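K.L.:
File name structure08.txt; file contents compact mmCIF, C-alpha atoms and all ligand atoms; full text below.
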# COMPACT_ATOMS: atom_id res chain seq x y z
CA MET A 1 96.34 45.20 28.33
CA PRO A 2 95.32 45.32 32.04
CA LYS A 3 94.12 48.90 31.57
CA LEU A 4 92.00 47.88 28.59
CA LEU A 5 90.44 45.01 30.53
CA TRP A 6 89.70 47.25 33.53
CA ASN A 7 88.13 49.86 31.24
CA LEU A 8 85.93 47.14 29.79
CA TYR A 9 85.14 45.80 33.25
CA ALA A 10 83.99 49.28 34.29
CA LEU A 11 80.96 48.82 31.99
CA CYS A 12 79.55 46.06 34.22
CA TYR A 13 81.51 46.41 37.47
CA ASP A 14 78.69 47.91 39.49
CA ALA A 15 76.59 44.79 38.87
CA VAL A 16 79.22 43.10 41.07
CA THR A 17 79.45 45.85 43.70
CA ARG A 18 75.64 45.80 44.15
CA LEU A 19 75.70 42.14 45.25
CA LEU A 20 74.78 41.74 48.93
CA PRO A 21 78.05 39.99 49.88
CA TYR A 22 80.01 42.85 48.26
CA GLN A 23 78.00 45.40 50.21
CA GLU A 24 78.62 43.45 53.42
CA MET A 25 82.34 43.33 52.65
CA LEU A 26 82.40 47.12 52.18
CA ASP A 27 80.68 47.53 55.57
CA GLN A 28 83.38 45.34 57.14
CA VAL A 29 86.11 47.45 55.53
CA VAL A 30 84.59 50.73 56.75
CA ALA A 31 84.27 49.31 60.29
CA ALA A 32 87.89 48.05 60.26
CA LEU A 33 89.25 51.37 58.98
CA GLU A 34 87.86 53.32 61.98
CA VAL A 35 88.25 56.65 60.19
CA ALA A 36 88.02 59.88 62.16
CA PRO A 37 87.64 63.50 61.02
CA GLY A 38 90.87 65.00 59.68
CA MET A 39 92.41 61.67 58.67
CA ARG A 40 94.06 61.30 55.27
CA VAL A 41 92.84 58.14 53.54
CA LEU A 42 94.02 56.36 50.38
CA ASP A 43 91.56 54.20 48.48
CA ALA A 44 94.05 52.24 46.37
CA GLY A 45 92.41 50.89 43.21
CA CYS A 46 89.22 52.78 44.03
CA GLY A 47 87.29 51.44 41.00
CA THR A 48 83.85 53.04 40.64
CA GLY A 49 84.05 54.69 44.07
CA VAL A 50 81.83 52.38 46.12
CA LEU A 51 84.08 52.41 49.18
CA ALA A 52 84.65 56.17 48.89
CA GLU A 53 80.88 56.67 48.84
CA ARG A 54 80.46 54.73 52.07
CA LEU A 55 83.29 56.69 53.67
CA ALA A 56 81.77 59.99 52.51
CA LYS A 57 78.56 59.01 54.30
CA ALA A 58 80.29 57.70 57.42
CA CYS A 59 82.79 60.53 57.84
CA PRO A 60 82.77 63.33 55.22
CA ASP A 61 85.46 65.28 57.11
CA ILE A 62 88.32 63.07 55.99
CA GLU A 63 90.67 63.79 53.09
CA LEU A 64 90.26 60.91 50.66
CA VAL A 65 92.45 60.21 47.64
CA GLY A 66 91.07 57.58 45.27
CA VAL A 67 93.70 56.19 42.90
CA ASP A 68 93.02 53.95 39.93
CA LEU A 69 94.71 53.21 36.63
CA SER A 70 91.44 52.87 34.71
CA SER A 71 89.96 56.07 33.30
CA SER A 72 86.55 54.42 32.84
CA MET A 73 86.41 53.24 36.46
CA LEU A 74 87.37 56.74 37.59
CA ALA A 75 84.78 58.42 35.34
CA ARG A 76 82.13 56.39 37.12
CA ALA A 77 83.60 57.16 40.52
CA ARG A 78 83.63 60.91 39.84
CA ALA A 79 80.04 60.84 38.55
CA ARG A 80 78.75 58.70 41.42
CA ARG A 81 77.67 61.62 43.60
CA ALA A 82 78.52 65.15 44.67
CA TRP A 83 81.71 64.50 46.64
CA PRO A 84 82.95 66.47 49.64
CA ALA A 85 85.61 68.98 48.48
CA SER A 86 88.29 66.97 50.31
CA PHE A 87 87.69 63.88 48.12
CA THR A 88 89.80 63.59 44.95
CA PHE A 89 90.23 60.89 42.32
CA VAL A 90 93.50 60.44 40.48
CA GLU A 91 94.29 58.35 37.41
CA ARG A 92 97.55 56.73 38.31
CA ASP A 93 99.29 53.48 39.17
CA ILE A 94 99.25 52.78 42.95
CA ASP A 95 103.05 52.40 43.18
CA SER A 96 103.90 55.66 41.40
CA SER A 97 101.15 57.49 43.23
CA LEU A 98 102.57 56.44 46.62
CA ALA A 99 106.13 57.19 45.51
CA ALA A 100 105.08 60.73 44.56
CA ASP A 101 103.18 61.40 47.80
CA ALA A 102 105.20 62.91 50.62
CA ALA A 103 102.35 63.62 53.07
CA GLY A 104 101.52 60.00 53.93
CA PHE A 105 98.21 58.43 54.94
CA ASP A 106 96.53 57.61 58.26
CA ARG A 107 94.46 54.93 56.58
CA LEU A 108 94.83 52.93 53.41
CA ALA A 109 92.26 50.59 51.91
CA SER A 110 92.43 48.25 48.96
CA VAL A 111 89.25 46.34 48.23
CA ASN A 112 89.86 43.34 45.96
CA VAL A 113 92.99 44.80 44.39
CA ILE A 114 95.88 42.65 45.71
CA TRP A 115 94.86 39.72 43.47
CA THR A 116 95.42 41.89 40.40
CA LEU A 117 98.94 43.08 41.24
CA PRO A 118 101.98 41.73 39.35
CA ASP A 119 104.23 42.31 42.38
CA PRO A 120 101.98 42.41 45.44
CA GLN A 121 104.86 42.47 47.89
CA GLY A 122 106.43 45.46 46.14
CA THR A 123 103.13 47.37 46.18
CA LEU A 124 102.44 46.39 49.81
CA ALA A 125 105.90 47.69 50.73
CA HIS A 126 105.07 51.02 49.05
CA MET A 127 101.77 51.05 50.92
CA THR A 128 103.42 50.36 54.28
CA ALA A 129 106.00 53.08 53.65
CA GLY A 130 103.17 55.46 52.75
CA LEU A 131 101.49 55.02 56.15
CA ARG A 132 101.95 57.67 58.79
CA PRO A 133 103.05 56.52 62.28
CA GLY A 134 100.11 54.71 63.86
CA GLY A 135 98.61 54.25 60.40
CA ARG A 136 96.53 51.27 59.37
CA MET A 137 95.75 49.42 56.15
CA VAL A 138 92.73 47.28 55.41
CA HIS A 139 92.76 44.91 52.44
CA THR A 140 90.31 42.43 51.03
CA THR A 141 91.15 39.92 48.35
CA PRO A 142 89.55 36.75 46.98
CA ARG A 143 90.71 33.39 48.28
CA PHE A 144 92.43 30.85 46.06
CA SER A 145 89.43 28.51 45.83
CA PHE A 146 87.09 31.38 44.97
CA ARG A 147 83.56 30.17 44.16
CA ALA A 148 81.55 32.94 42.48
CA HIS A 149 78.29 30.98 42.58
CA VAL A 150 78.31 31.08 46.41
CA ILE A 151 78.26 34.88 46.24
CA VAL A 152 75.54 35.04 43.60
CA TRP A 153 73.41 32.46 45.44
CA ARG A 154 73.76 34.35 48.72
CA HIS A 155 72.66 37.52 46.87
CA LEU A 156 69.63 35.86 45.26
CA ARG A 157 68.50 34.38 48.59
CA GLY A 158 68.45 37.91 50.01
CA GLN A 159 66.05 39.23 47.32
CA LYS A 160 62.26 39.18 47.27
CA GLY A 161 59.54 40.03 44.70
CA TRP A 162 60.62 42.50 42.01
CA ALA A 163 64.11 42.72 43.45
CA LEU A 164 64.51 38.98 42.88
CA ALA A 165 63.16 39.28 39.31
CA ARG A 166 65.61 42.12 38.62
CA ALA A 167 68.48 40.12 40.11
CA LEU A 168 67.64 37.14 37.88
CA LEU A 169 67.48 39.37 34.79
CA GLY A 170 70.91 40.75 35.73
CA LEU A 171 72.58 37.31 35.70
CA PRO A 172 73.90 37.62 32.10
CA VAL A 173 75.75 40.81 33.10
CA LEU A 174 77.31 38.95 36.03
CA LEU A 175 78.31 36.17 33.65
CA PHE A 176 80.09 38.73 31.45
CA ALA A 177 81.80 40.13 34.57
CA GLY A 178 82.85 36.58 35.49
CA LEU A 179 84.45 36.08 32.06
CA LEU A 180 86.38 39.34 32.42
CA ASN A 181 87.50 38.18 35.85
CA LEU A 182 88.91 34.99 34.33
CA LEU A 183 90.84 37.05 31.75
CA LEU A 184 92.18 39.31 34.50
CA VAL A 185 93.28 36.33 36.59
CA ALA A 186 95.04 34.88 33.53
CA GLN A 187 96.80 38.14 32.68
CA SER A 188 97.84 38.75 36.30
CA ALA A 189 99.36 35.25 36.38
CA LEU A 190 101.14 35.83 33.06
CA LEU A 191 102.42 39.30 33.96
CA ALA A 192 103.50 38.37 37.50
CA ARG A 193 106.89 39.99 38.02
CA ALA A 194 107.66 38.41 41.39
CA PRO A 195 107.47 34.72 42.37
CA ARG A 196 105.86 35.88 45.63
CA ALA A 197 102.88 37.07 43.59
CA ARG A 198 101.36 33.61 44.02
CA GLN A 199 101.15 34.07 47.80
CA ARG A 200 98.39 36.68 47.42
CA TRP A 201 95.83 33.90 46.97
CA HIS A 202 96.46 32.21 50.32
CA GLU A 203 95.72 33.21 53.90
CA ASP A 204 99.24 32.39 55.17
CA GLY A 205 100.78 33.92 52.06
CA LEU A 206 98.98 37.22 52.64
CA VAL A 207 100.22 37.39 56.21
CA ALA A 208 103.76 36.64 55.00
CA LEU A 209 103.53 39.26 52.23
CA LEU A 210 102.45 41.94 54.70
CA ARG A 211 105.17 41.00 57.22
CA GLN A 212 107.83 41.06 54.51
CA ALA A 213 106.48 44.45 53.46
CA GLY A 214 107.13 45.77 56.99
CA ALA A 215 103.55 45.72 58.27
CA GLU A 216 102.10 44.02 61.35
CA PRO A 217 99.09 42.00 60.14
CA ARG A 218 96.29 40.94 62.47
CA PRO A 219 94.58 37.56 62.04
CA VAL A 220 92.91 37.17 58.66
CA ARG A 221 89.10 37.22 58.70
CA PRO A 222 86.67 35.80 56.14
CA CYS A 223 84.57 38.20 54.05
CA TYR A 224 82.63 38.23 50.79
CA ALA A 225 80.35 35.31 51.73
CA GLY A 226 83.43 33.34 52.80
CA GLN A 227 85.07 33.73 49.36
CA GLY A 228 87.52 36.44 50.36
CA TYR A 229 89.93 37.44 53.09
CA LEU A 230 89.93 40.66 55.06
CA ILE A 231 93.24 41.61 56.55
CA VAL A 232 94.06 44.57 58.76
CA ALA A 233 97.69 45.60 59.22
CA ASP A 234 99.39 48.33 61.17
CA ARG A 235 102.69 49.93 60.32
CA ARG A 236 105.37 48.14 62.35
CA THR A 237 107.26 50.47 64.64
CA PRO A 238 111.01 50.08 64.00
CA PRO A 239 112.92 48.80 67.07
CA GLN A 240 114.46 51.61 69.13
CA GLU A 241 118.21 52.16 68.64
CA LYS A 242 120.15 51.42 71.84
C1 LIG B 1 88.42 44.45 41.36
S1 LIG B 1 88.51 46.20 41.15
C2 LIG B 1 88.13 46.81 42.78
C3 LIG B 1 87.62 48.21 42.74
C4 LIG B 1 87.22 48.82 44.08
N1 LIG B 1 88.32 48.77 45.03
C5 LIG B 1 86.00 48.19 44.65
O1 LIG B 1 85.97 47.85 45.80
O2 LIG B 1 85.01 48.03 43.97
C6 LIG B 1 90.25 46.50 41.06
C7 LIG B 1 90.56 47.94 40.70
O3 LIG B 1 91.95 48.17 40.87
C8 LIG B 1 92.43 48.92 39.79
N2 LIG B 1 93.85 48.61 39.66
C9 LIG B 1 94.42 47.42 39.43
N3 LIG B 1 95.76 47.51 39.47
C10 LIG B 1 96.05 48.80 39.74
C11 LIG B 1 97.25 49.53 39.91
N4 LIG B 1 98.43 48.92 39.81
N5 LIG B 1 97.18 50.85 40.18
C12 LIG B 1 95.98 51.47 40.26
N6 LIG B 1 94.79 50.83 40.13
C13 LIG B 1 94.83 49.51 39.87
C14 LIG B 1 91.58 48.49 38.61
O4 LIG B 1 91.57 49.46 37.58
C15 LIG B 1 90.22 48.31 39.26
O5 LIG B 1 89.47 49.48 39.24
Could you render the structure as C-alpha cells?
Ligand SMILES: C[S@@+](CC[C@H](N)C(=O)[O-])C[C@H]1O[C@@H](n2cnc3c(N)ncnc32)[C@H](O)[C@@H]1O
P.N.:
Amino acid sequence: MPKLLWNLYALCYDAVTRLLPYQEMLDQVVAALEVAPGMRVLDAGCGTGVLAERLAKACPDIELVGVDLSSSMLARARARRAWPASFTFVERDIDSSLAADAAGFDRLASVNVIWTLPDPQGTLAHMTAGLRPGGRMVHTTPRFSFRAHVIVWRHLRGQKGWALARALLGLPVLLFAGLLNLLLVAQSALLARAPRARQRWHEDGLVALLRQAGAEPRPVRPCYAGQGYLIVADRRTPPQEK
C-alpha cells in the first residue's frame, strides 16, 4: 500500500519540490551537511533526486547512495540528469539497506521522510549505527500543525508575470499532491508499529527519538516556511571504558 501511494505520488511530486520553500529547505540541508570530497553520503528516501542533484552541483566528488522504496520515484531520480559515476540509486527499504551496508556513511540526509516511517525510532537507530565515527545526519520533517497553504502562499508571493500565471495553473496538481499526502498520513498512522511513532511530529519528540536512537541532536531549527523542522545530529561517542 505505501509503495503504491508513493508510486502514484511520484507523478506529481516535483510540483511540490519546485515550490520556493522546498527549494529553500534543500539549501538549508545542503549547508547543514557540509559535505567534502571523498565523503560517503546516504540520501535516505531520496524521492525524485532533488537533494542528490543539489549535492552533485555542490560537491560532485562525493560517493552518494540514494535509497528509496518507490520504483517510480527512483525512475525520475535516475532520469533527472547525467549523474557523476559515484552516484547510485537503489530500490530498497531504508532499514534493510542500512543493515546490508558494512562501509558506513560520513553523512546521512532524510528530507521529509521521518513522518512516513512506521517505526521512526527503529529506523533512526539503524541510521545512527550506519554513521561512521564523526558522522552527521540531517533530517527535515513536517511539524504536527502543518499548514500547506502557508507554503503555497509563500511560493506564489515569490512569483511574477508568467511565472505567477504558471504557478496558479499548477494549483490543481498541488491539490492532488495534498490529497495523496493526507492518505499517506492516514496510512502511516494506521501502520505505525511503535507507539513512539507519534513523537515524530513534535519538536521535543524528535529530539527524544534521536537521543534514544544513540545520536546527539543539536537544537531543532524551523524550515519549509516554518512548517517543518530541520534537525542535525551527530553520532554520540560511546563513553570510554575505565
Ligand atoms: C516525502 S518524499 C521525500 C523525497 C525526497 N527526500 C525529497 O526531498 O524530495 C518521501 C520519500 O521516502 C520514500 N520512503 C518512505 N519510506 C521509505 C522507506 N522505509 N524506505 C525507503 N524509502 C522510503 C518514499 O518512497 C518517498 O520517495
K.L.:
Within 7 Å of ligand LIG 1 (chain B), counting all atoms listed in the file: which residues, as a list of chain:residue names?
P.N.:
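For ligand LIG 1 (chain B), the residues inside 7 Å are A:Lys3, A:Trp6, A:Thr17, A:Ala44, A:Gly45, A:Cys46, A:Gly47, A:Thr48, A:Gly49, A:Val50, A:Leu51, A:Val67, A:Asp68, A:Leu69, A:Ser70, A:Met73, A:Arg92, A:Asp93, A:Ile94, A:Asp95, A:Ser110, A:Val111, A:Asn112, A:Val113, A:Thr116, A:Leu117.
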K.L.:
Go ahead and save the picked residues with C-alpha atoms, as a PDB file, in the frame of the given file.
P.N.:
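Result file follows (result_7.pdb):
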ATOM      1  CA  LYS A   3      94.120  48.900  31.570  1.00  0.00           C
ATOM      2  CA  TRP A   6      89.700  47.250  33.530  1.00  0.00           C
ATOM      3  CA  THR A  17      79.450  45.850  43.700  1.00  0.00           C
ATOM      4  CA  ALA A  44      94.050  52.240  46.370  1.00  0.00           C
ATOM      5  CA  GLY A  45      92.410  50.890  43.210  1.00  0.00           C
ATOM      6  CA  CYS A  46      89.220  52.780  44.030  1.00  0.00           C
ATOM      7  CA  GLY A  47      87.290  51.440  41.000  1.00  0.00           C
ATOM      8  CA  THR A  48      83.850  53.040  40.640  1.00  0.00           C
ATOM      9  CA  GLY A  49      84.050  54.690  44.070  1.00  0.00           C
ATOM     10  CA  VAL A  50      81.830  52.380  46.120  1.00  0.00           C
ATOM     11  CA  LEU A  51      84.080  52.410  49.180  1.00  0.00           C
ATOM     12  CA  VAL A  67      93.700  56.190  42.900  1.00  0.00           C
ATOM     13  CA  ASP A  68      93.020  53.950  39.930  1.00  0.00           C
ATOM     14  CA  LEU A  69      94.710  53.210  36.630  1.00  0.00           C
ATOM     15  CA  SER A  70      91.440  52.870  34.710  1.00  0.00           C
ATOM     16  CA  MET A  73      86.410  53.240  36.460  1.00  0.00           C
ATOM     17  CA  ARG A  92      97.550  56.730  38.310  1.00  0.00           C
ATOM     18  CA  ASP A  93      99.290  53.480  39.170  1.00  0.00           C
ATOM     19  CA  ILE A  94      99.250  52.780  42.950  1.00  0.00           C
ATOM     20  CA  ASP A  95     103.050  52.400  43.180  1.00  0.00           C
ATOM     21  CA  SER A 110      92.430  48.250  48.960  1.00  0.00           C
ATOM     22  CA  VAL A 111      89.250  46.340  48.230  1.00  0.00           C
ATOM     23  CA  ASN A 112      89.860  43.340  45.960  1.00  0.00           C
ATOM     24  CA  VAL A 113      92.990  44.800  44.390  1.00  0.00           C
ATOM     25  CA  THR A 116      95.420  41.890  40.400  1.00  0.00           C
ATOM     26  CA  LEU A 117      98.940  43.080  41.240  1.00  0.00           C
TER      27      LEU A 117
END
K.L.:
For a quick check of understanding, using all atoms listed in the file, which of A:Val65, A:Leu175, A:Leu190, A:Cys223 has the smallest distance to A:Ala52?
P.N.:
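Among the listed residues, the smallest separation from A:Ala52 belongs to A:Val65.
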K.L.:
Of the candidates A:Ala192, A:Leu124, A:Leu11, A:Val29, which one gets nearest to A:Ser71 if we count only C-alpha atoms?
P.N.:
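Between A:Ala192, A:Leu124, A:Leu11, A:Val29, the residue approaching A:Ser71 most closely is A:Leu11.
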K.L.:
What gap, in Å, lies between atom CA of A:Arg157 and atom CA of A:Leu19?
P.N.:
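Pair atom CA of A:Arg157 / atom CA of A:Leu19 returns 11.1 Å.
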K.L.:
Give me, as a ChimeraX atom specification, all polymer residues having an atom no more than 7 Å from A:Thr128, counting all atoms listed in the file and skipping those fewer than 6 positions away in the same chain.
P.N.:
/A:213-215,235
K.L.:
Take the residues just selected and output them with C-alpha atoms as a compact mmCIF listing (two decimals), in the frame of the given file.
P.N.:
# COMPACT_ATOMS: atom_id res chain seq x y z
CA ALA A 213 106.48 44.45 53.46
CA GLY A 214 107.13 45.77 56.99
CA ALA A 215 103.55 45.72 58.27
CA ARG A 235 102.69 49.93 60.32
K.L.:
Pick from A:Thr140, A:Ser96, A:Gln28, A:Gln187: nearest to A:Leu4, with all atoms listed in the file counted?
P.N.:
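Looking at the shortest contact to A:Leu4, the residue is A:Gln187.
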K.L.:
Enclose stretch 71-83 of chain A, meaning all of its atoms listed in the file, in a box aligned along x, y and z, pad it by 8 Å on each side, and list the centre and edge lengths in Å to one decimal, as JSON.
P.N.:
{"center_x": 83.8, "center_y": 59.2, "center_z": 39.7, "size_x": 28.3, "size_y": 27.9, "size_z": 29.8}
K.L.:
In Å, how far is it from atom CA of A:Ala99 to atom CA of A:Arg40?
P.N.:
16.1 Å
K.L.:
One decimal, Å: what's the distance from atom CA of A:Ala102 over to atom CA of A:Ala56, could you say?
P.N.:
23.7 Å
